[in-house]
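Q: Here you go, upload_0.tsv (TSV, C-alpha atoms and all ligand atoms):
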chain	number	residue	atom	x	y	z
A	18	MET	CA	0.00	0.00	0.00
A	19	THR	CA	1.55	3.31	-1.01
A	20	ASN	CA	0.80	6.65	0.56
A	21	THR	CA	-1.76	8.55	-1.51
A	22	ALA	CA	-2.45	11.51	0.78
A	23	GLN	CA	-2.25	15.00	-0.75
A	24	ARG	CA	-0.40	16.69	2.08
A	25	PRO	CA	3.08	15.33	2.84
A	26	ASN	CA	3.14	12.78	5.64
A	27	ARG	CA	6.24	13.08	7.76
A	28	VAL	CA	7.67	10.35	9.97
A	29	VAL	CA	10.67	11.18	12.15
A	30	VAL	CA	12.82	8.33	13.46
A	31	ILE	CA	14.94	9.15	16.52
A	32	GLY	CA	17.79	6.70	16.99
A	33	THR	CA	19.27	5.26	13.82
A	34	GLY	CA	20.83	2.08	15.20
A	35	ALA	CA	19.71	-1.41	14.25
A	36	VAL	CA	16.02	-0.78	15.00
A	37	GLY	CA	15.72	2.83	13.81
A	38	ALA	CA	17.66	2.36	10.56
A	39	THR	CA	15.84	-0.86	9.67
A	40	THR	CA	12.49	0.78	10.42
A	41	ALA	CA	13.38	3.78	8.27
A	42	TYR	CA	14.48	1.47	5.44
A	43	THR	CA	11.23	-0.49	5.68
A	44	LEU	CA	9.19	2.73	5.53
A	45	PHE	CA	11.39	3.98	2.67
A	46	LEU	CA	10.97	0.80	0.60
A	47	ARG	CA	7.24	0.63	1.20
A	48	GLU	CA	6.76	4.39	0.63
A	49	ARG	CA	4.71	4.74	3.79
A	50	ALA	CA	5.39	8.44	4.23
A	51	SER	CA	6.34	11.13	1.76
A	52	GLU	CA	8.98	12.52	4.14
A	53	LEU	CA	11.30	10.57	6.43
A	54	VAL	CA	13.68	12.29	8.83
A	55	LEU	CA	16.47	10.52	10.69
A	56	ILE	CA	17.78	11.94	13.98
A	57	ASP	CA	20.55	10.48	16.13
A	58	ALA	CA	22.74	11.80	18.96
A	59	ASN	CA	25.51	10.59	16.65
A	60	HIS	CA	24.58	12.82	13.71
A	61	GLU	CA	27.24	11.21	11.49
A	62	LYS	CA	25.41	7.89	11.87
A	63	ALA	CA	22.10	9.46	10.78
A	64	LEU	CA	23.87	11.15	7.87
A	65	GLY	CA	25.43	7.87	6.76
A	66	GLU	CA	22.15	5.97	6.94
A	67	ALA	CA	20.33	8.74	5.01
A	68	LEU	CA	22.99	8.84	2.30
A	69	ASP	CA	23.03	5.06	1.97
A	70	MET	CA	19.23	4.92	1.58
A	71	ASN	CA	19.09	7.92	-0.76
A	72	HIS	CA	21.54	6.19	-3.11
A	73	GLY	CA	18.79	3.59	-3.60
A	74	LEU	CA	16.30	6.21	-4.84
A	75	PRO	CA	16.81	5.35	-8.54
A	76	PHE	CA	15.53	1.86	-7.70
A	77	ALA	CA	12.91	2.80	-5.11
A	78	GLY	CA	10.03	5.26	-4.92
A	79	GLY	CA	9.99	8.97	-4.31
A	80	VAL	CA	10.35	9.31	-0.55
A	81	LYS	CA	12.16	12.47	0.54
A	82	LEU	CA	14.58	11.37	3.27
A	83	TRP	CA	17.21	13.32	5.20
A	84	ALA	CA	19.26	13.37	8.40
A	85	GLY	CA	17.78	16.16	10.43
A	86	ASP	CA	17.45	17.69	13.84
A	87	TYR	CA	14.64	18.20	16.33
A	88	SER	CA	13.27	21.24	14.49
A	89	ASP	CA	12.15	18.72	11.83
A	90	CYS	CA	9.69	17.32	14.38
A	91	LYS	CA	7.58	20.44	13.80
A	92	ASP	CA	5.67	18.96	10.87
A	93	ALA	CA	5.86	15.34	11.97
A	94	ASP	CA	2.76	13.15	11.99
A	95	ILE	CA	4.57	10.35	13.80
A	96	ILE	CA	7.78	10.41	15.82
A	97	VAL	CA	9.31	6.98	16.37
A	98	ILE	CA	11.74	6.66	19.29
A	99	ALA	CA	14.28	3.87	18.84
A	100	ALA	CA	17.16	5.64	20.61
A	101	GLY	CA	19.14	4.18	23.46
A	102	SER	CA	20.86	1.05	24.67
A	103	ASN	CA	19.85	-2.44	23.62
A	104	GLN	CA	20.30	-5.60	25.68
A	105	ARG	CA	23.66	-7.28	25.91
A	106	PRO	CA	23.48	-11.10	26.01
A	107	GLY	CA	21.87	-12.15	29.31
A	108	GLU	CA	20.38	-8.72	30.11
A	109	THR	CA	16.62	-8.32	30.47
A	110	ARG	CA	14.73	-5.37	29.00
A	111	ILE	CA	14.10	-4.04	32.51
A	112	ASP	CA	17.89	-3.92	33.04
A	113	LEU	CA	17.90	-1.09	30.47
A	114	LEU	CA	15.46	1.08	32.40
A	115	LYS	CA	17.77	3.47	34.25
A	116	ARG	CA	20.06	3.96	31.23
A	117	ASN	CA	17.25	4.60	28.76
A	118	ALA	CA	14.92	6.59	31.03
A	119	ALA	CA	17.79	9.07	31.49
A	120	ILE	CA	17.89	9.96	27.77
A	121	PHE	CA	14.09	10.23	27.51
A	122	ASP	CA	14.09	13.49	29.47
A	123	ASP	CA	16.03	15.17	26.68
A	124	ILE	CA	14.35	13.38	23.80
A	125	ILE	CA	10.79	14.18	24.90
A	126	ARG	CA	11.67	17.81	25.77
A	127	ASN	CA	13.26	18.23	22.33
A	128	ILE	CA	10.22	16.75	20.59
A	129	THR	CA	7.67	18.83	22.49
A	130	ASN	CA	9.66	22.02	21.89
A	131	TYR	CA	8.57	21.67	18.27
A	132	ASN	CA	5.53	19.41	18.15
A	133	ASP	CA	2.27	19.31	20.07
A	134	HIS	CA	0.06	17.50	17.55
A	135	GLY	CA	1.87	14.33	16.44
A	136	ILE	CA	1.90	10.75	17.64
A	137	ILE	CA	4.85	9.43	19.63
A	138	LEU	CA	5.59	5.77	18.90
A	139	VAL	CA	8.07	4.24	21.33
A	140	ALA	CA	10.22	1.18	20.57
A	141	THR	CA	13.08	1.70	23.05
A	142	ASN	CA	13.10	-0.83	25.89
A	143	PRO	CA	11.67	-1.37	28.36
A	144	VAL	CA	9.02	-0.18	25.93
A	145	ASP	CA	5.94	-0.22	28.19
A	146	ILE	CA	7.61	1.80	30.94
A	147	LEU	CA	9.24	4.24	28.52
A	148	SER	CA	5.88	4.79	26.83
A	149	TYR	CA	4.48	5.72	30.25
A	150	VAL	CA	7.49	8.01	30.81
A	151	SER	CA	6.86	9.61	27.40
A	152	LEU	CA	3.20	10.18	28.28
A	153	LYS	CA	4.09	11.88	31.57
A	154	LYS	CA	6.89	13.99	30.16
A	155	SER	CA	5.17	15.04	26.92
A	156	GLY	CA	1.79	16.03	28.34
A	157	PHE	CA	0.28	14.52	25.15
A	158	PRO	CA	-3.06	12.73	25.51
A	159	ALA	CA	-2.66	8.98	26.00
A	160	ASN	CA	-4.12	8.08	22.59
A	161	ARG	CA	-1.12	9.86	20.98
A	162	VAL	CA	1.61	8.08	22.96
A	163	ILE	CA	1.90	4.47	21.85
A	164	GLY	CA	4.40	1.70	22.53
A	165	SER	CA	5.12	-1.13	20.11
A	166	GLY	CA	4.01	-3.38	22.97
A	167	THR	CA	3.41	-7.05	22.31
A	168	LEU	CA	2.78	-6.68	18.57
A	169	LEU	CA	6.21	-8.21	17.88
A	170	ASP	CA	5.68	-10.97	20.46
A	171	SER	CA	2.27	-11.75	18.95
A	172	ALA	CA	3.90	-11.99	15.50
A	173	ARG	CA	6.49	-14.43	16.89
A	174	PHE	CA	3.69	-16.39	18.56
A	175	ARG	CA	1.70	-16.57	15.33
A	176	TYR	CA	4.80	-17.63	13.40
A	177	LEU	CA	5.53	-20.47	15.83
A	178	ILE	CA	1.88	-21.62	15.91
A	179	GLY	CA	1.94	-21.52	12.11
A	180	GLN	CA	5.04	-23.72	12.07
A	181	ASN	CA	3.35	-26.19	14.43
A	182	LYS	CA	0.07	-26.32	12.50
A	183	LYS	CA	1.57	-25.84	9.01
A	184	ILE	CA	-0.73	-22.85	8.49
A	185	ASN	CA	0.25	-19.41	7.22
A	186	PRO	CA	0.75	-17.19	10.31
A	187	ARG	CA	-1.38	-14.48	8.67
A	188	SER	CA	-4.39	-16.79	9.07
A	189	ILE	CA	-3.78	-17.32	12.76
A	190	HIS	CA	-5.40	-15.11	15.38
A	191	ALA	CA	-3.41	-15.29	18.58
A	192	HIS	CA	-2.36	-12.68	21.10
A	193	ILE	CA	0.44	-12.10	23.55
A	194	VAL	CA	-0.51	-9.43	26.09
A	195	GLY	CA	1.06	-7.69	29.08
A	196	GLU	CA	4.67	-6.56	29.34
A	197	HIS	CA	6.84	-6.73	26.23
A	198	GLY	CA	9.19	-8.86	28.30
A	199	ASP	CA	9.49	-11.68	30.73
A	200	SER	CA	6.06	-11.33	32.41
A	201	GLU	CA	4.08	-11.36	29.15
A	202	LEU	CA	1.39	-14.00	28.70
A	203	PRO	CA	-0.28	-15.94	25.86
A	204	LEU	CA	-4.05	-15.78	25.46
A	205	TRP	CA	-4.56	-19.40	24.44
A	206	SER	CA	-8.24	-19.02	25.35
A	207	LEU	CA	-8.69	-16.63	22.39
A	208	ALA	CA	-6.34	-18.29	19.87
A	209	ASN	CA	-8.03	-19.62	16.72
A	210	VAL	CA	-7.93	-20.12	12.95
A	211	ALA	CA	-11.07	-18.83	11.25
A	212	GLY	CA	-12.87	-19.10	14.58
A	213	VAL	CA	-11.84	-22.77	14.95
A	214	ASP	CA	-9.89	-23.86	18.04
A	215	LEU	CA	-6.21	-24.55	17.34
A	216	GLU	CA	-6.10	-27.95	19.06
A	217	ILE	CA	-2.52	-27.80	20.24
A	218	GLY	CA	-1.40	-30.11	23.07
A	219	GLU	CA	-0.26	-28.66	26.43
A	220	GLU	CA	3.41	-29.57	25.87
A	221	ASP	CA	3.48	-27.90	22.47
A	222	LYS	CA	1.70	-24.85	23.91
A	223	GLU	CA	4.34	-24.47	26.58
A	224	ASP	CA	7.14	-24.88	24.05
A	225	ILE	CA	5.59	-22.32	21.65
A	226	PHE	CA	5.11	-19.76	24.39
A	227	ASN	CA	8.61	-20.22	25.85
A	228	ARG	CA	10.16	-19.81	22.41
A	229	THR	CA	8.05	-16.69	21.87
A	230	LYS	CA	9.01	-15.15	25.20
A	231	ASN	CA	12.70	-15.99	24.79
A	232	ALA	CA	12.98	-15.12	21.10
A	233	ALA	CA	14.82	-11.84	21.69
A	234	TYR	CA	17.38	-13.56	23.96
A	235	GLU	CA	17.92	-16.22	21.30
A	236	ILE	CA	18.45	-13.67	18.52
A	237	ILE	CA	20.62	-11.35	20.64
A	238	ASN	CA	22.86	-14.32	21.57
A	239	ALA	CA	23.15	-15.18	17.90
A	240	LYS	CA	23.56	-11.75	16.23
A	241	GLY	CA	23.69	-9.05	18.91
A	242	SER	CA	20.35	-7.33	18.29
A	243	THR	CA	16.90	-7.75	16.76
A	244	SER	CA	15.74	-5.46	14.00
A	245	TYR	CA	13.81	-6.90	11.04
A	246	ALA	CA	10.60	-8.07	12.70
A	247	ILE	CA	10.38	-5.03	15.00
A	248	ALA	CA	10.80	-2.79	11.94
A	249	LEU	CA	7.89	-4.57	10.25
A	250	ALA	CA	5.81	-4.29	13.43
A	251	LEU	CA	6.48	-0.54	13.64
A	252	ASP	CA	5.67	-0.23	9.94
A	253	ARG	CA	2.37	-2.01	10.60
A	254	ILE	CA	1.44	0.46	13.35
A	255	ILE	CA	2.49	3.45	11.23
A	256	VAL	CA	0.36	2.30	8.28
A	257	SER	CA	-2.64	1.82	10.53
A	258	ILE	CA	-2.21	5.39	11.76
A	259	LEU	CA	-1.44	7.14	8.47
A	260	GLN	CA	-4.08	5.25	6.49
A	261	ASP	CA	-6.64	5.63	9.31
A	262	GLU	CA	-7.16	1.85	9.14
A	263	GLY	CA	-8.62	1.10	12.54
A	264	SER	CA	-6.68	-2.17	12.64
A	265	VAL	CA	-6.58	-4.15	15.89
A	266	LEU	CA	-2.95	-4.35	17.01
A	267	ASN	CA	-1.39	-5.44	20.30
A	268	VAL	CA	0.26	-2.11	21.05
A	269	SER	CA	1.19	-0.77	24.46
A	270	THR	CA	-1.28	1.79	25.71
A	271	LEU	CA	-2.39	3.44	28.94
A	272	LEU	CA	-4.86	1.22	30.77
A	273	THR	CA	-7.58	2.56	33.01
A	274	ASP	CA	-9.75	0.14	34.96
A	275	TYR	CA	-8.95	-2.61	32.46
A	276	ASN	CA	-9.18	-6.14	33.87
A	277	GLY	CA	-8.34	-4.70	37.27
A	278	VAL	CA	-5.38	-2.69	35.96
A	279	SER	CA	-4.93	1.11	35.88
A	280	ASP	CA	-2.23	3.72	35.30
A	281	VAL	CA	0.26	1.53	33.49
A	282	TYR	CA	1.12	0.83	29.84
A	283	LEU	CA	0.76	-2.79	28.68
A	284	GLY	CA	0.31	-4.52	25.34
A	285	VAL	CA	-3.36	-5.29	24.64
A	286	PRO	CA	-5.51	-5.52	21.49
A	287	SER	CA	-6.22	-1.91	20.55
A	288	ILE	CA	-7.89	-0.16	17.63
A	289	VAL	CA	-5.29	2.02	15.94
A	290	ASP	CA	-6.28	4.79	13.55
A	291	ARG	CA	-5.37	8.38	12.63
A	292	SER	CA	-6.09	9.46	16.20
A	293	GLY	CA	-3.60	6.91	17.57
A	294	VAL	CA	-5.10	4.37	19.95
A	295	ARG	CA	-8.81	5.01	19.44
A	296	GLU	CA	-10.02	2.30	21.76
A	297	VAL	CA	-8.81	-0.66	23.78
A	298	LEU	CA	-10.75	-3.87	23.17
A	299	ASP	CA	-12.30	-5.54	26.17
A	300	ILE	CA	-10.94	-9.05	26.29
A	301	GLU	CA	-12.32	-11.81	28.43
A	302	LEU	CA	-9.52	-13.47	30.38
A	303	ASN	CA	-9.83	-16.76	32.23
A	304	THR	CA	-8.79	-16.86	35.90
A	305	GLU	CA	-5.17	-17.84	35.23
A	306	GLU	CA	-4.75	-15.27	32.46
A	307	LEU	CA	-6.25	-12.55	34.64
A	308	GLU	CA	-3.84	-13.32	37.48
A	309	ARG	CA	-0.85	-13.28	35.15
A	310	PHE	CA	-2.00	-10.06	33.47
A	311	GLN	CA	-2.36	-8.31	36.82
A	312	ALA	CA	1.04	-9.64	37.96
A	313	SER	CA	2.60	-8.22	34.79
A	314	ALA	CA	1.06	-4.82	35.59
A	315	ARG	CA	2.28	-4.96	39.21
A	316	LYS	CA	5.82	-5.72	38.05
A	317	LEU	CA	5.91	-2.67	35.77
A	318	LYS	CA	4.26	-0.38	38.31
A	319	GLU	CA	6.97	-1.25	40.85
A	320	GLN	CA	9.59	-0.17	38.30
A	321	ILE	CA	7.68	3.03	37.49
A	322	ALA	CA	7.55	3.87	41.20
A	323	SER	CA	11.37	3.92	41.24
A	324	LEU	CA	11.47	6.71	38.62
A	325	GLU	CA	11.22	10.44	39.16
A	326	LEU	CA	8.35	11.52	36.96
B	1	LIG	N1	10.06	-2.67	21.28
B	1	LIG	C1	10.64	-3.73	20.72
B	1	LIG	O1	9.98	-4.71	20.39
B	1	LIG	C2	12.11	-3.69	20.47
B	1	LIG	C3	12.85	-2.74	21.08
B	1	LIG	N2	14.20	-2.68	20.88
B	1	LIG	C4	14.90	-1.63	21.61
B	1	LIG	O2	15.21	-0.55	20.71
B	1	LIG	C5	16.31	0.19	21.25
B	1	LIG	C6	17.36	0.43	20.18
B	1	LIG	O3	17.96	-0.81	19.85
B	1	LIG	P1	19.08	-0.87	18.69
B	1	LIG	O4	18.67	-0.08	17.53
B	1	LIG	O5	19.42	-2.30	18.54
B	1	LIG	O6	20.29	-0.12	19.42
B	1	LIG	P2	21.56	0.54	18.71
B	1	LIG	O7	22.61	0.64	19.76
B	1	LIG	O8	21.86	-0.18	17.44
B	1	LIG	O9	21.06	1.99	18.33
B	1	LIG	C7	20.71	2.95	19.26
B	1	LIG	C8	20.91	4.31	18.63
B	1	LIG	O10	20.42	5.27	19.52
B	1	LIG	C9	21.26	6.42	19.42
B	1	LIG	N3	21.09	7.24	20.60
B	1	LIG	C10	21.52	7.00	21.87
B	1	LIG	N4	21.14	8.01	22.69
B	1	LIG	C11	20.44	8.90	21.92
B	1	LIG	C12	19.79	10.13	22.19
B	1	LIG	N5	19.77	10.64	23.41
B	1	LIG	N6	19.18	10.75	21.17
B	1	LIG	C13	19.19	10.24	19.92
B	1	LIG	N7	19.82	9.09	19.61
B	1	LIG	C14	20.42	8.40	20.59
B	1	LIG	C15	22.65	5.82	19.28
B	1	LIG	O11	23.58	6.75	18.76
B	1	LIG	C16	22.38	4.66	18.35
B	1	LIG	O12	22.53	5.02	16.99
B	1	LIG	C17	16.82	-0.64	22.44
B	1	LIG	O13	16.32	-0.12	23.64
B	1	LIG	C18	16.24	-2.02	22.18
B	1	LIG	O14	16.13	-2.79	23.35
B	1	LIG	C19	14.85	-3.53	20.06
B	1	LIG	C20	14.13	-4.50	19.39
B	1	LIG	C21	12.72	-4.69	19.57
B	2	LIG	C1	14.86	-6.69	21.81
B	2	LIG	C2	13.42	-6.88	21.90
B	2	LIG	O1	12.72	-6.26	22.68
B	2	LIG	C3	12.80	-7.87	21.05
B	2	LIG	O2	13.36	-8.24	20.01
B	2	LIG	O3	11.75	-8.36	21.43
What is this file in structure tokens?
Ligand SMILES: NC(=O)C1=CN([C@@H]2O[C@H](COP(=O)(O)OP(=O)(O)OC[C@H]3O[C@@H](n4cnc5c(N)ncnc54)[C@H](O)[C@@H]3O)[C@@H](O)[C@H]2O)C=CC1
Ligand SMILES: CC(=O)C(=O)O

A:
Amino acid sequence: MTNTAQRPNRVVVIGTGAVGATTAYTLFLRERASELVLIDANHEKALGEALDMNHGLPFAGGVKLWAGDYSDCKDADIIVIAAGSNQRPGETRIDLLKRNAAIFDDIIRNITNYNDHGIILVATNPVDILSYVSLKKSGFPANRVIGSGTLLDSARFRYLIGQNKKINPRSIHAHIVGEHGDSELPLWSLANVAGVDLEIGEEDKEDIFNRTKNAAYEIINAKGSTSYAIALALDRIIVSILQDEGSVLNVSTLLTDYNGVSDVYLGVPSIVDRSGVREVLDIELNTEELERFQASARKLKEQIASLEL
């Protein structure tokens, strides 16, 4: 789907490391926005990525792409934050909190100096907590501060279920909710193909979920970082916003009185359109799922309490 809007759509990507650069390249190839701006604390890195992509213009579409600065946020529809440290082998996402929360002060202040109307889309880990930090520091309404949440985890889950059932993952409806991290949980009670139960044995279910939850550790051990699938997940969210799709995506959003959980960001099925997160879908959890969902929220709230917001 190419962008057909009259007015230029601008997406700014802050942080042009593995995630930011791959996301920008995905958006560039798929012509999701008419303008793409790359910002990095290491401006040389952003310049290099922009030059490298622009040299592909004779073979790709007509996206205008440049390495910019925060003043370019002024006309941005979406600002993606992928800046900051990633996990070293053995580190959890929560281990990144202090390091990455420290740079969010500056990043959010710089964005809001120029932009009060766009949508902030956070990828930096721990993504749920940093989305909450972005909400508090930006003063934006919650619908316009979104985390990538468990969209990536749900994609991994669908891939692994697809492998097990020999069915295309696009035909599988299955959700991972909660933290994008170690306390996430699978909603087996809602998983289906065309409304039909998946009929997967308990041992296979456990194996599929463990491989989903540990996928990032596995990839980071093997190649140092993850980038391709998260870039596609961010692209999916961006399309749903720019094309006003109203797609249901497991993004991280502020929850209020939701399955006993309030004032925390978690990944849940949400309707995403031009306004950002338009609505969170009410999902019916069984007793075990509800307990695990609430435990995931408690874990993140304890971490949030340790921050100065
Ligand atoms: N939400 C998700 O599902 C995923 C999240 N991530 C997270 O994304 C983040 C980025 O990961 P990578 O791209 O692999 O890291 P990276 O180290 O390759 O790139 C990070 C970039 O951020 C830049 N940066 C650092 N501080 C900055 C600041 N204050 N302002 C602007 N730029 C700054 C660095 O110069 C670097 O280019 C990590 O926190 C990682 O854990 C990674 C994969 C999936
Ligand atoms: C690094 C990370 O959060 C992921 O690939 O899931």

Q: Counting all atoms listed in the file, select every polymer residue within 8 Å of (9.2, 3.6, 31.9) as defined in the file's coordinates, and provide the selection as a PyMOL selection string.

A: chain A and resi 114+118+143-151+320-321+324

Q: Can I get the residues close to ligand LIG 2 (chain B) as a PyMOL selection string, where close means within 10 Å and we count only C-alpha atoms and all ligand atoms?

A: chain A and resi 36+103-105+109-110+140-144+165-170+173+197-198+229-237+241-247

Q: Using all atoms listed in the file for the distances, tell me which of A:Val162, A:Ala248, A:Met70, A:Leu152 is nearest to ligand LIG 1 (chain B).

A: A:Ala248

Q: So which residues touch range 262-270 of chain A within 6 Å, counting only C-alpha atoms, skipping near sequence neighbours fewer than 2 positions away, as a ChimeraX atom specification?

A: /A:163-168,257,260,282-290

Q: Could the residues in this selection be written to a file with C-alpha atoms, as a short mmCIF file (atom, residue, chain, number, x, y, z; two decimals), in the frame of the given file?

A:
data_model
loop_
_atom_site.label_atom_id
_atom_site.label_comp_id
_atom_site.auth_asym_id
_atom_site.auth_seq_id
_atom_site.Cartn_x
_atom_site.Cartn_y
_atom_site.Cartn_z
CA ILE A 163 1.90 4.47 21.85
CA GLY A 164 4.40 1.70 22.53
CA SER A 165 5.12 -1.13 20.11
CA GLY A 166 4.01 -3.38 22.97
CA THR A 167 3.41 -7.05 22.31
CA LEU A 168 2.78 -6.68 18.57
CA SER A 257 -2.64 1.82 10.53
CA GLN A 260 -4.08 5.25 6.49
CA TYR A 282 1.12 0.83 29.84
CA LEU A 283 0.76 -2.79 28.68
CA GLY A 284 0.31 -4.52 25.34
CA VAL A 285 -3.36 -5.29 24.64
CA PRO A 286 -5.51 -5.52 21.49
CA SER A 287 -6.22 -1.91 20.55
CA ILE A 288 -7.89 -0.16 17.63
CA VAL A 289 -5.29 2.02 15.94
CA ASP A 290 -6.28 4.79 13.55
#

Q: Which residues, written as a list in words, have at least one atom at most 12 Å from Val256 in chain A, with all atoms listed in the file counted and residues fewer than 5 positions away on the same chain left out?

A: Met18, Thr19, Asn20, Thr21, Asn26, Val28, Thr43, Leu44, Arg47, Glu48, Arg49, Ala50, Asp94, Ile95, Leu249, Ala250, Leu251, Asp261, Glu262, Gly263, Ser264, Leu266, Val289, Asp290, Arg291 and Gly293 of chain A

Q: Figure out the distance between CA of Leu204 in chain A and CA of Asn303 in chain A, please, to one decimal in Å.

A: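 That distance, rounded to one decimal, is 9.0 Å.
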
Q: Would you compute the distance between CA of Lys91 in chain A and CA of Tyr131 in chain A? Give it in Å to one decimal.

A: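 Result for CA of Lys91 in chain A versus CA of Tyr131 in chain A: 4.7 Å, one decimal.
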
Q: Range 187-206 of chain A, all listed atoms, 6 Å padding on each side: what axis-aligned box centre and edge lengths in Å to one decimal come out, as JSON?

A:
{"center_x": 0.6, "center_y": -13.0, "center_z": 20.5, "size_x": 29.7, "size_y": 24.8, "size_z": 35.7}

Q: Just checking: using all atoms listed in the file, which residue out of A:Asp122, A:Glu325, A:Glu201, A:Glu223 ends up closest to ligand LIG 1 (chain B)?

A: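 Smallest distance to ligand LIG 1 (chain B) is found for A:Asp122.
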
Q: What is the distance between atom C15 of ligand LIG 1 (chain B) and CA of Ile124 in chain A, in Å to one decimal?

A: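 One can read the atom C15 of ligand LIG 1 (chain B) to CA of Ile124 in chain A distance as 12.1 Å.
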
Q: Closest to Lys222 in chain A among A:Ile178, A:Leu326, A:Ala84, A:Leu46, using all atoms listed in the file?

A: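 Between A:Ile178, A:Leu326, A:Ala84, A:Leu46, the residue approaching Lys222 in chain A most closely is A:Ile178.
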
Q: Skipping near chain neighbours, those fewer than 4 positions away, what residues fall within 12 Å of Asp274 in chain A using all atoms listed in the file, listed as a list of chain:residue names?

A: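 Residues meeting the cut-off are A:Val278, A:Ser279, A:Asp280, A:Val281, A:Val297, A:Asp299, A:Gln311, A:Ala314.
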
Q: Under the rule that all atoms listed in the file are counted, which of A:Leu207, A:Ile111, A:Leu138, A:Ile255 is the nearest residue to Lys318 in chain A?

A: A:Ile111

Q: Would you mind telling me which residue in A:Arg315, A:His134, A:Lys182, A:Lys240 lies nearest to ligand LIG 1 (chain B) when using all atoms listed in the file?

A: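 For ligand LIG 1 (chain B), the nearest of the candidates is A:Lys240.
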
Q: Point out the residue among A:Leu317, A:Ile137, A:Ala63, A:Val54 with the least atom-to-atom distance to ligand LIG 1 (chain B), counting all atoms listed in the file.

A: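 Closest to ligand LIG 1 (chain B), using all atoms listed in the file: A:Ala63.
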
Q: List the spatial neighbours of Val30 in chain A as a CSV table (one decimal) with C-alpha atoms, keeping the file's coordinate frame - criterion: any atom at most 8 Å away, all atoms listed in the file, same-chain residues fewer than 6 positions off excluded.

A:
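Output below, filename part_36.csv:
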chain,number,residue,atom,x,y,z
A,37,GLY,CA,15.7,2.8,13.8
A,41,ALA,CA,13.4,3.8,8.3
A,53,LEU,CA,11.3,10.6,6.4
A,54,VAL,CA,13.7,12.3,8.8
A,55,LEU,CA,16.5,10.5,10.7
A,56,ILE,CA,17.8,11.9,14.0
A,96,ILE,CA,7.8,10.4,15.8
A,97,VAL,CA,9.3,7.0,16.4
A,98,ILE,CA,11.7,6.7,19.3
A,99,ALA,CA,14.3,3.9,18.8
